[in-house]
>>> print(open('work_36.tsv').read())   # TSV, C-alpha atoms
chain	number	residue	atom	x	y	z
A	27	MET	CA	-33.92	-17.00	-87.25
A	28	THR	CA	-34.30	-18.75	-90.58
A	29	ALA	CA	-32.56	-21.98	-91.41
A	30	SER	CA	-30.15	-20.24	-93.75
A	31	GLU	CA	-29.30	-17.60	-91.17
A	32	LYS	CA	-28.73	-20.33	-88.64
A	33	ASN	CA	-26.52	-22.14	-91.10
A	34	ALA	CA	-24.53	-18.99	-91.64
A	35	GLY	CA	-24.15	-18.25	-87.95
A	36	PRO	CA	-20.84	-18.13	-86.16
A	37	ALA	CA	-19.41	-21.06	-84.26
A	38	PRO	CA	-20.80	-21.42	-80.76
A	39	SER	CA	-19.41	-19.19	-78.06
A	40	ALA	CA	-20.45	-18.68	-74.43
A	41	SER	CA	-24.16	-18.67	-75.18
A	42	GLY	CA	-23.54	-21.52	-77.60
A	43	SER	CA	-22.10	-23.59	-74.78
A	44	ALA	CA	-25.28	-23.11	-72.79
A	45	SER	CA	-27.41	-24.12	-75.76
A	46	LEU	CA	-25.16	-27.15	-76.27
A	47	LEU	CA	-25.80	-28.27	-72.70
A	48	VAL	CA	-29.54	-27.76	-73.13
A	49	GLU	CA	-29.47	-29.75	-76.36
A	50	THR	CA	-27.46	-32.49	-74.66
A	51	ALA	CA	-29.95	-32.68	-71.80
A	52	ARG	CA	-32.86	-32.79	-74.23
A	53	PHE	CA	-31.22	-35.55	-76.22
A	54	ALA	CA	-30.44	-37.61	-73.12
A	55	LEU	CA	-34.02	-37.23	-71.93
A	56	ALA	CA	-35.30	-38.28	-75.36
A	57	CYS	CA	-33.15	-41.42	-75.19
A	58	LEU	CA	-34.51	-42.25	-71.74
A	59	ALA	CA	-38.12	-41.57	-72.75
A	60	ILE	CA	-37.92	-43.77	-75.85
A	61	SER	CA	-36.21	-46.51	-73.85
A	62	LEU	CA	-38.97	-46.36	-71.25
A	63	LEU	CA	-41.53	-46.77	-74.03
A	64	GLY	CA	-39.62	-49.82	-75.18
A	65	TRP	CA	-39.81	-51.34	-71.69
A	66	ALA	CA	-43.56	-51.63	-72.16
A	67	PHE	CA	-42.94	-54.20	-74.86
A	68	ARG	CA	-40.02	-56.20	-73.53
A	69	PRO	CA	-38.95	-57.31	-70.08
A	70	VAL	CA	-35.85	-55.95	-68.45
A	71	PRO	CA	-33.22	-58.74	-68.36
A	72	SER	CA	-32.83	-60.07	-64.85
A	73	PRO	CA	-29.65	-61.52	-63.34
A	74	VAL	CA	-31.05	-65.02	-63.56
A	75	ASP	CA	-31.23	-64.55	-67.33
A	76	PHE	CA	-27.84	-63.04	-68.02
A	77	ARG	CA	-25.53	-64.19	-65.24
A	78	PRO	CA	-23.10	-66.80	-66.55
A	79	VAL	CA	-22.87	-69.93	-64.51
A	80	GLY	CA	-19.74	-71.25	-62.96
A	81	THR	CA	-19.91	-74.98	-62.56
A	82	CYS	CA	-19.39	-74.49	-58.83
A	83	ALA	CA	-22.45	-72.23	-58.51
A	84	ALA	CA	-25.11	-74.50	-57.07
A	85	PRO	CA	-28.68	-73.31	-57.52
A	86	THR	CA	-29.56	-74.98	-54.22
A	87	PRO	CA	-26.99	-74.23	-51.50
A	88	GLU	CA	-27.90	-77.37	-49.58
A	89	HIS	CA	-27.10	-79.48	-52.66
A	90	PRO	CA	-23.79	-78.26	-54.05
A	91	THR	CA	-23.69	-81.08	-56.59
A	92	VAL	CA	-26.77	-79.68	-58.31
A	93	ARG	CA	-25.68	-77.24	-60.96
A	94	TRP	CA	-27.31	-74.74	-63.25
A	95	ILE	CA	-27.47	-75.41	-66.97
A	96	GLU	CA	-27.81	-72.68	-69.57
A	97	GLN	CA	-30.52	-72.83	-72.20
A	98	ASP	CA	-28.17	-73.33	-75.15
A	99	GLU	CA	-26.33	-76.18	-73.47
A	100	ALA	CA	-29.60	-77.82	-72.46
A	101	ARG	CA	-30.88	-77.49	-76.03
A	102	ALA	CA	-27.70	-79.12	-77.30
A	103	ARG	CA	-28.22	-82.06	-74.94
A	104	LEU	CA	-31.89	-82.58	-75.81
A	105	GLY	CA	-32.22	-86.05	-77.31
A	106	GLU	CA	-28.82	-87.18	-76.07
A	107	PRO	CA	-29.00	-90.77	-74.73
A	108	GLY	CA	-29.32	-90.81	-70.96
A	109	VAL	CA	-30.38	-87.17	-70.69
A	110	ARG	CA	-33.92	-86.56	-69.42
A	111	PHE	CA	-35.84	-83.37	-68.86
A	112	ALA	CA	-38.15	-83.23	-65.83
A	113	ASP	CA	-40.97	-80.69	-65.75
A	114	ALA	CA	-41.64	-79.58	-62.18
A	115	ARG	CA	-44.76	-77.58	-63.00
A	116	SER	CA	-48.38	-78.60	-62.50
A	117	ARG	CA	-49.93	-81.21	-64.73
A	118	SER	CA	-52.08	-78.61	-66.53
A	119	ASP	CA	-49.06	-76.42	-67.24
A	120	TYR	CA	-47.19	-79.45	-68.56
A	121	GLU	CA	-50.04	-80.39	-70.86
A	122	ALA	CA	-50.28	-76.83	-72.17
A	123	GLY	CA	-46.67	-76.99	-73.38
A	124	HIS	CA	-43.41	-78.57	-72.27
A	125	VAL	CA	-39.91	-79.38	-73.43
A	126	ALA	CA	-40.04	-82.14	-76.03
A	127	ASP	CA	-39.91	-85.60	-74.42
A	128	ALA	CA	-39.84	-84.17	-70.88
A	129	LEU	CA	-41.35	-86.16	-68.05
A	130	ALA	CA	-44.03	-84.51	-65.92
A	131	VAL	CA	-42.92	-84.49	-62.29
A	132	PRO	CA	-45.18	-81.92	-60.65
A	133	MET	CA	-43.93	-80.41	-57.42
A	134	ASP	CA	-47.42	-79.24	-56.40
A	135	THR	CA	-47.20	-81.10	-53.11
A	136	GLY	CA	-43.45	-80.76	-52.74
A	137	ALA	CA	-43.09	-84.55	-52.76
A	138	LEU	CA	-41.41	-86.76	-55.34
A	139	ASP	CA	-43.48	-89.70	-56.56
A	140	PRO	CA	-41.44	-92.93	-56.24
A	141	ARG	CA	-42.48	-93.95	-59.75
A	142	ALA	CA	-41.08	-90.69	-61.14
A	143	LEU	CA	-37.86	-91.29	-59.25
A	144	ALA	CA	-37.66	-94.80	-60.67
A	145	ALA	CA	-38.06	-93.39	-64.18
A	146	LEU	CA	-35.24	-90.91	-63.68
A	147	VAL	CA	-32.75	-92.54	-61.37
A	148	ASP	CA	-30.83	-94.32	-64.11
A	149	ALA	CA	-30.45	-91.24	-66.30
A	150	THR	CA	-26.93	-89.91	-66.69
A	151	THR	CA	-28.22	-86.34	-66.47
A	152	VAL	CA	-31.60	-84.97	-65.41
A	153	ILE	CA	-32.45	-81.39	-66.31
A	154	THR	CA	-35.26	-79.94	-64.23
A	155	TYR	CA	-37.21	-76.83	-65.06
A	156	CYS	CA	-40.30	-74.90	-64.08
A	157	ASP	CA	-42.29	-71.91	-65.18
A	158	THR	CA	-40.70	-68.92	-63.58
A	159	SER	CA	-37.54	-67.36	-64.83
A	160	GLU	CA	-36.96	-65.64	-61.50
A	161	GLU	CA	-36.78	-68.30	-58.80
A	162	CYS	CA	-37.51	-71.69	-60.37
A	163	GLY	CA	-38.43	-72.88	-56.89
A	164	GLY	CA	-40.19	-76.05	-58.11
A	165	SER	CA	-37.34	-77.17	-60.33
A	166	ARG	CA	-34.77	-76.49	-57.64
A	167	ARG	CA	-36.73	-78.53	-55.13
A	168	LEU	CA	-37.12	-81.35	-57.63
A	169	ALA	CA	-33.42	-81.20	-58.39
A	170	GLY	CA	-32.58	-81.44	-54.70
A	171	LEU	CA	-34.86	-84.44	-54.21
A	172	LEU	CA	-33.38	-86.22	-57.23
A	173	ALA	CA	-29.84	-85.59	-55.97
A	174	GLU	CA	-30.75	-86.91	-52.51
A	175	ASN	CA	-32.16	-90.04	-54.10
A	176	GLY	CA	-29.16	-91.01	-56.15
A	177	VAL	CA	-29.42	-89.26	-59.51
A	178	ARG	CA	-25.81	-88.61	-60.42
A	179	ASP	CA	-25.94	-85.42	-62.45
A	180	VAL	CA	-28.81	-83.04	-61.81
A	181	ARG	CA	-29.12	-79.62	-63.44
A	182	VAL	CA	-31.60	-76.79	-63.13
A	183	LEU	CA	-32.49	-75.07	-66.38
A	184	ARG	CA	-31.77	-71.38	-66.02
A	185	GLY	CA	-34.69	-69.31	-67.30
A	186	GLY	CA	-37.04	-72.29	-67.19
A	187	MET	CA	-39.85	-72.90	-69.65
A	188	PRO	CA	-40.54	-69.23	-70.49
A	189	LEU	CA	-37.03	-68.71	-71.82
A	190	TRP	CA	-37.09	-72.09	-73.56
A	191	LEU	CA	-40.21	-71.02	-75.46
A	192	SER	CA	-38.85	-67.56	-76.22
A	193	ASN	CA	-35.74	-69.24	-77.63
A	194	ASP	CA	-38.04	-71.21	-79.90
A	195	TYR	CA	-36.52	-74.50	-78.77
A	196	PRO	CA	-38.40	-77.80	-79.32
A	197	ALA	CA	-41.59	-77.99	-77.30
A	198	GLU	CA	-44.81	-79.96	-77.47
A	199	SER	CA	-48.16	-80.09	-75.72
A	200	GLY	CA	-50.43	-82.81	-74.38
A	201	PRO	CA	-50.32	-85.35	-71.54
A	202	CYS	CA	-47.26	-87.37	-70.63
A	203	ALA	CA	-47.65	-90.96	-71.83
A	204	GLU	CA	-44.73	-92.13	-69.68
A	205	CYS	CA	-46.02	-90.59	-66.47
A	206	PRO	CA	-48.74	-92.76	-64.87
A	207	TRP	CA	-48.20	-90.91	-61.57
A	208	THR	CA	-49.85	-87.81	-63.05
A	209	ARG	CA	-53.13	-89.57	-63.82
B	3	MET	CA	-11.00	-22.83	-77.79
B	4	ASP	CA	-12.52	-20.02	-79.85
B	5	ALA	CA	-9.78	-20.47	-82.49
B	6	LEU	CA	-10.63	-24.16	-82.70
B	7	ARG	CA	-14.30	-23.35	-83.05
B	8	ARG	CA	-13.58	-20.82	-85.80
B	9	ALA	CA	-11.42	-23.36	-87.65
B	10	LEU	CA	-14.20	-25.93	-87.41
B	11	ASP	CA	-16.62	-23.39	-88.83
B	12	GLU	CA	-14.56	-22.97	-92.02
B	13	ASP	CA	-15.53	-24.97	-95.08
B	14	ARG	CA	-12.78	-27.56	-94.60
B	15	GLY	CA	-13.57	-27.80	-90.92
B	16	ARG	CA	-17.23	-28.38	-91.70
B	17	ALA	CA	-16.40	-31.08	-94.22
B	18	LEU	CA	-14.20	-32.75	-91.60
B	19	LEU	CA	-16.96	-32.54	-89.00
B	20	VAL	CA	-19.44	-34.15	-91.34
B	21	LEU	CA	-16.97	-36.94	-91.99
B	22	LEU	CA	-16.42	-37.45	-88.24
B	23	ARG	CA	-20.17	-37.44	-87.65
B	24	LEU	CA	-20.68	-40.11	-90.28
B	25	VAL	CA	-17.87	-42.27	-88.87
B	26	VAL	CA	-19.30	-42.14	-85.34
B	27	ALA	CA	-22.84	-42.64	-86.64
B	28	ALA	CA	-21.75	-45.68	-88.65
B	29	VAL	CA	-20.10	-47.22	-85.59
B	30	PHE	CA	-23.18	-46.74	-83.42
B	31	LEU	CA	-25.67	-47.83	-86.07
B	32	PHE	CA	-23.58	-50.94	-86.66
B	33	ALA	CA	-23.27	-51.65	-82.95
B	34	ALA	CA	-26.87	-51.18	-81.84
B	35	PRO	CA	-29.10	-53.69	-83.69
B	36	SER	CA	-27.69	-56.92	-82.26
B	37	LYS	CA	-27.82	-55.45	-78.74
B	38	LEU	CA	-31.37	-54.30	-79.30
B	39	LEU	CA	-32.46	-57.70	-80.60
B	40	ASP	CA	-30.68	-59.69	-77.88
B	41	PRO	CA	-30.71	-57.65	-74.65
B	42	VAL	CA	-29.99	-60.72	-72.50
B	43	THR	CA	-26.67	-61.36	-74.22
B	44	PHE	CA	-25.83	-57.68	-74.01
B	45	ALA	CA	-26.74	-57.66	-70.32
B	46	ARG	CA	-24.36	-60.60	-69.90
B	47	ASP	CA	-21.64	-58.60	-71.66
B	48	ILE	CA	-22.20	-55.69	-69.26
B	49	ASP	CA	-22.26	-58.03	-66.28
B	50	ASN	CA	-18.92	-59.50	-67.34
B	51	TYR	CA	-17.25	-56.17	-66.52
B	52	ARG	CA	-18.15	-56.81	-62.85
B	53	MET	CA	-18.46	-53.14	-62.06
B	54	LEU	CA	-22.20	-52.44	-61.84
B	55	PRO	CA	-24.90	-53.57	-59.41
B	56	ASP	CA	-27.46	-56.06	-60.72
B	57	VAL	CA	-30.24	-53.50	-60.55
B	58	LEU	CA	-28.57	-51.32	-63.20
B	59	ILE	CA	-27.50	-54.00	-65.66
B	60	GLY	CA	-30.89	-54.96	-67.09
B	61	PRO	CA	-32.10	-51.37	-67.63
B	62	LEU	CA	-28.75	-50.38	-69.14
B	63	ALA	CA	-28.98	-53.28	-71.58
B	64	LEU	CA	-32.21	-51.77	-72.85
B	65	VAL	CA	-31.27	-48.08	-72.75
B	66	LEU	CA	-27.82	-48.19	-74.36
B	67	PRO	CA	-28.85	-49.70	-77.73
B	68	VAL	CA	-31.72	-47.22	-78.02
B	69	ALA	CA	-29.33	-44.37	-77.23
B	70	GLU	CA	-26.86	-45.68	-79.81
B	71	ILE	CA	-29.49	-45.76	-82.53
B	72	LEU	CA	-30.71	-42.27	-81.66
B	73	ILE	CA	-27.14	-40.98	-81.61
B	74	GLY	CA	-26.53	-42.49	-85.03
B	75	LEU	CA	-29.68	-40.95	-86.45
B	76	ALA	CA	-28.98	-37.57	-84.89
B	77	LEU	CA	-25.45	-37.47	-86.25
B	78	VAL	CA	-26.61	-38.42	-89.73
B	79	THR	CA	-29.52	-35.99	-89.89
B	80	GLY	CA	-27.97	-33.14	-87.94
B	81	VAL	CA	-30.97	-32.89	-85.62
B	82	TRP	CA	-29.60	-32.35	-82.10
B	83	ALA	CA	-26.31	-33.63	-83.49
B	84	ARG	CA	-24.11	-31.68	-81.07
B	85	GLY	CA	-26.11	-32.85	-78.07
B	86	ALA	CA	-25.97	-36.40	-79.37
B	87	ALA	CA	-22.22	-36.07	-79.82
B	88	LEU	CA	-21.77	-34.96	-76.22
B	89	VAL	CA	-23.94	-37.81	-74.93
B	90	SER	CA	-22.00	-40.28	-77.05
B	91	ALA	CA	-18.70	-38.84	-75.78
B	92	ALA	CA	-19.89	-39.45	-72.21
B	93	MET	CA	-20.95	-42.99	-73.10
B	94	LEU	CA	-17.66	-43.74	-74.84
B	95	ILE	CA	-15.68	-42.48	-71.85
B	96	GLY	CA	-17.81	-44.70	-69.62
B	97	PHE	CA	-17.13	-47.69	-71.87
B	98	ALA	CA	-13.41	-46.92	-71.89
B	99	LEU	CA	-13.33	-46.67	-68.09
B	100	GLY	CA	-15.09	-50.02	-67.87
B	101	MET	CA	-12.48	-51.56	-70.16
B	102	VAL	CA	-9.58	-50.04	-68.24
B	103	GLN	CA	-10.83	-51.36	-64.90
B	104	ALA	CA	-11.29	-54.80	-66.49
B	105	ILE	CA	-7.73	-54.76	-67.81
B	106	VAL	CA	-6.37	-53.58	-64.45
B	107	ARG	CA	-8.30	-56.29	-62.58
B	108	GLY	CA	-7.19	-58.94	-65.05
B	109	ILE	CA	-10.70	-59.72	-66.30
B	110	ASP	CA	-10.49	-61.36	-69.70
B	111	LEU	CA	-13.74	-60.63	-71.51
B	112	ASP	CA	-15.43	-59.83	-74.77
B	113	CYS	CA	-15.94	-56.08	-74.92
B	114	GLY	CA	-19.57	-56.41	-76.04
B	115	CYS	CA	-19.04	-53.33	-78.18
B	116	PHE	CA	-21.02	-54.73	-81.07
B	117	GLY	CA	-23.25	-57.12	-79.16
B	118	SER	CA	-23.16	-60.64	-80.48
B	119	PHE	CA	-22.49	-59.39	-84.01
B	120	ALA	CA	-18.72	-59.09	-83.70
B	121	GLU	CA	-16.63	-60.21	-80.78
B	122	ALA	CA	-13.43	-58.54	-79.62
B	123	ARG	CA	-11.50	-59.04	-76.41
B	124	VAL	CA	-11.06	-56.00	-74.22
B	125	SER	CA	-7.59	-54.60	-74.80
B	126	LEU	CA	-5.71	-51.35	-75.01
B	127	TRP	CA	-6.72	-51.29	-78.67
B	128	THR	CA	-10.44	-51.24	-77.80
B	129	VAL	CA	-9.76	-48.54	-75.19
B	130	GLY	CA	-7.84	-46.48	-77.75
B	131	ARG	CA	-10.60	-46.89	-80.31
B	132	ASN	CA	-13.12	-45.56	-77.83
B	133	LEU	CA	-10.94	-42.60	-76.93
B	134	LEU	CA	-10.47	-41.77	-80.60
B	135	LEU	CA	-14.22	-41.84	-81.15
B	136	THR	CA	-14.59	-39.67	-78.06
B	137	LEU	CA	-12.31	-37.06	-79.65
B	138	PHE	CA	-14.44	-37.16	-82.79
B	139	CYS	CA	-17.55	-36.59	-80.70
B	140	VAL	CA	-16.00	-33.70	-78.80
B	141	ALA	CA	-15.02	-32.05	-82.09
B	142	VAL	CA	-18.57	-32.43	-83.38
B	143	ALA	CA	-19.99	-31.01	-80.13
B	144	LEU	CA	-17.67	-27.99	-80.28
B	145	GLY	CA	-18.30	-27.37	-83.96
B	146	PRO	CA	-21.10	-25.38	-85.52
B	147	ASP	CA	-24.69	-26.51	-85.53
B	148	MET	CA	-25.28	-27.58	-89.10
B	149	PRO	CA	-27.23	-30.05	-91.19
B	150	LEU	CA	-25.50	-32.87	-93.05
B	151	TRP	CA	-25.77	-30.83	-96.23
B	152	PRO	CA	-24.79	-28.26	-97.52
B	153	LEU	CA	-21.29	-28.27	-96.13
B	154	ARG	CA	-20.45	-24.71	-97.06
B	155	ARG	CA	-21.41	-21.80	-94.91
B	156	ARG	CA	-23.77	-19.50	-96.69
B	157	PRO	CA	-22.58	-15.89	-96.76
B	158	ARG	CA	-24.29	-13.57	-94.34
B	159	ALA	CA	-26.79	-11.20	-95.86
B	160	ALA	CA	-25.44	-7.67	-96.05
B	161	SER	CA	-26.89	-5.61	-93.24
>>> encode(input="work_36.tsv", output="structure tokens")
Amino acid sequence: MTASEKNAGPAPSASGSASLLVETARFALACLAISLLGWAFRPVPSPVDFRPVGTCAAPTPEHPTVRWIEQDEARARLGEPGVRFADARSRSDYEAGHVADALAVPMDTGALDPRALAALVDATTVITYCDTSEECGGSRRLAGLLAENGVRDVRVLRGGMPLWLSNDYPAESGPCAECPWTR
Amino acid sequence: MDALRRALDEDRGRALLVLLRLVVAAVFLFAAPSKLLDPVTFARDIDNYRMLPDVLIGPLALVLPVAEILIGLALVTGVWARGAALVSAAMLIGFALGMVQAIVRGIDLDCGCFGSFAEARVSLWTVGRNLLLTLFCVAVALGPDMPLWPLRRRPRAAS
């Protein structure tokens, strides 16, 4: 059938309905196939990325006073007097790139250095983060230790450093001059 | 049904179908880019409806914008336009059902219809808009298979 004949054809009837369903199935499959191709280039959003935080939703059940903080709110508070960022990753990860002005408080051993605690205990808010957007285990542990040791307002940065970097928020590299406990 | 199909196959019916196709295409092509560029925000919009399991939300946030762009392109070009219209009708009904359950459950939320580009609270108006677009899509799906241009049916060759 030529294009002009097709154009002149009658409106779909019974056989047309079948062809409509076939076309619909083909189109739906095409949408899925192209979406799957797209997945190769971008991660599927996970609940930790998109789930909004209620202030009552503690990231560490044993420390209900420790709360999540979203990336945009954390960015807004960067540089605010009394607000400190604490990087729970390893020293090498910190030196490769960290939130601007963050302190390095590696949780490699699971212990909190007393000097790091002394540097943070007077902050009005400490925002901890680490390198995985899924669990943020290091930052949650650090947050729990800070809360146990008297830091009044402790938050865990949802999405951690990977999301911070993908948001193109202020970051820097190099060693921490204020962190003698990492040397 | 056959009478409706015949009416849609007349010149005026075809012109109307092209207009409906362009309206639906414009809506989808306007809605998709911000969702495509910011899937996390769109996933949050979907999650706000509180009706889907976590495992579906992320993939849906990636699939829906792609589908919307393909639907828009198909409706503009006429390639698989009727199939695209039926898929979009199914999507629009799904969106409308999501809105209705949110209204019934008293969930106050942004509909996420246009991603972060334009915000609108879920309401009966957004439900009605979706149902109207669904009707447009059904009309396109039931109508003749035709390109965007020419609108007029060409006369059959004498046999």
>>> interface_residues(input="work_36.tsv", of="chain B", to="chain A", cutoff="6 Å", atoms="all atoms listed in the file", output="ChimeraX atom specification")
/B:7,11,42,45-46,60-61,65,69,85,146,148,155-156
>>> closest_residue(input="work_36.tsv", among="A:Tyr195, A:Pro107, A:Arg101, A:Tyr155", to="Ala130 in chain A", atoms="all atoms listed in the file")
A:Tyr155
>>> residues_around(input="work_36.tsv", residues="Phe30 in chain B", least_positions_apart="3", cutoff="8 Å", atoms="only C-alpha atoms", output="NGL selection string")
:B and (26-27 or 33-34 or 70-71 or 73-74)
>>> write_last_selection(input="work_36.tsv", atoms="C-alpha atoms", output="PDB file, in the frame of the given file")
ATOM      1  CA  VAL B  26     -19.300 -42.140 -85.340  1.00  0.00           C
ATOM      2  CA  ALA B  27     -22.840 -42.640 -86.640  1.00  0.00           C
ATOM      3  CA  ALA B  33     -23.270 -51.650 -82.950  1.00  0.00           C
ATOM      4  CA  ALA B  34     -26.870 -51.180 -81.840  1.00  0.00           C
ATOM      5  CA  GLU B  70     -26.860 -45.680 -79.810  1.00  0.00           C
ATOM      6  CA  ILE B  71     -29.490 -45.760 -82.530  1.00  0.00           C
ATOM      7  CA  ILE B  73     -27.140 -40.980 -81.610  1.00  0.00           C
ATOM      8  CA  GLY B  74     -26.530 -42.490 -85.030  1.00  0.00           C
TER       9      GLY B  74
END
>>> atom_distance(input="work_36.tsv", atom1="CA of Trp94 in chain A", atom2="CA of Arg181 in chain A")
5.2 Å
>>> atom_distance(input="work_36.tsv", atom1="CA of Ala112 in chain A", atom2="CA of Leu138 in chain A")
11.5 Å
>>> axis_aligned_box(input="work_36.tsv", around="range 31-50 of chain B", padding_each_side="4 Å", output="AutoDock Vina command-line options")
--center_x -25.7 --center_y -54.6 --center_z -76.5 --size_x 21.5 --size_y 21.5 --size_z 28.4
>>> closest_residue(input="work_36.tsv", among="B:Leu6, B:Val142, B:Ala98, B:Ala28", to="Arg84 in chain B", atoms="only C-alpha atoms")
B:Val142
>>> residues_around(input="work_36.tsv", residues="range 86-91 of chain B", least_positions_apart="6", cutoff="6 Å", atoms="all atoms listed in the file", output="PDB file with C-alpha atoms, in the coordinates of the input")
ATOM      1  CA  ILE B  73     -27.140 -40.980 -81.610  1.00  0.00           C
ATOM      2  CA  THR B 136     -14.590 -39.670 -78.060  1.00  0.00           C
ATOM      3  CA  CYS B 139     -17.550 -36.590 -80.700  1.00  0.00           C
ATOM      4  CA  ALA B 143     -19.990 -31.010 -80.130  1.00  0.00           C
TER       5      ALA B 143
END
>>> atom_distance(input="work_36.tsv", atom1="CA of Val102 in chain B", atom2="CA of Tyr51 in chain B")
10.0 Å
>>> closest_residue(input="work_36.tsv", among="A:Met187, A:Leu171, A:Glu198, A:Val109", to="Gly136 in chain A", atoms="only C-alpha atoms")
A:Leu171
>>> closest_residue(input="work_36.tsv", among="A:Ala114, A:Arg93, A:Gly105, A:Thr150", to="Ala126 in chain A", atoms="only C-alpha atoms")
A:Gly105
>>> residues_near_point(input="work_36.tsv", point="(-24.9, -53.7, -66.7)", cutoff="6 Å", atoms="only C-alpha atoms", output="ChimeraX atom specification")
/B:45,48-49,54,58-59,62
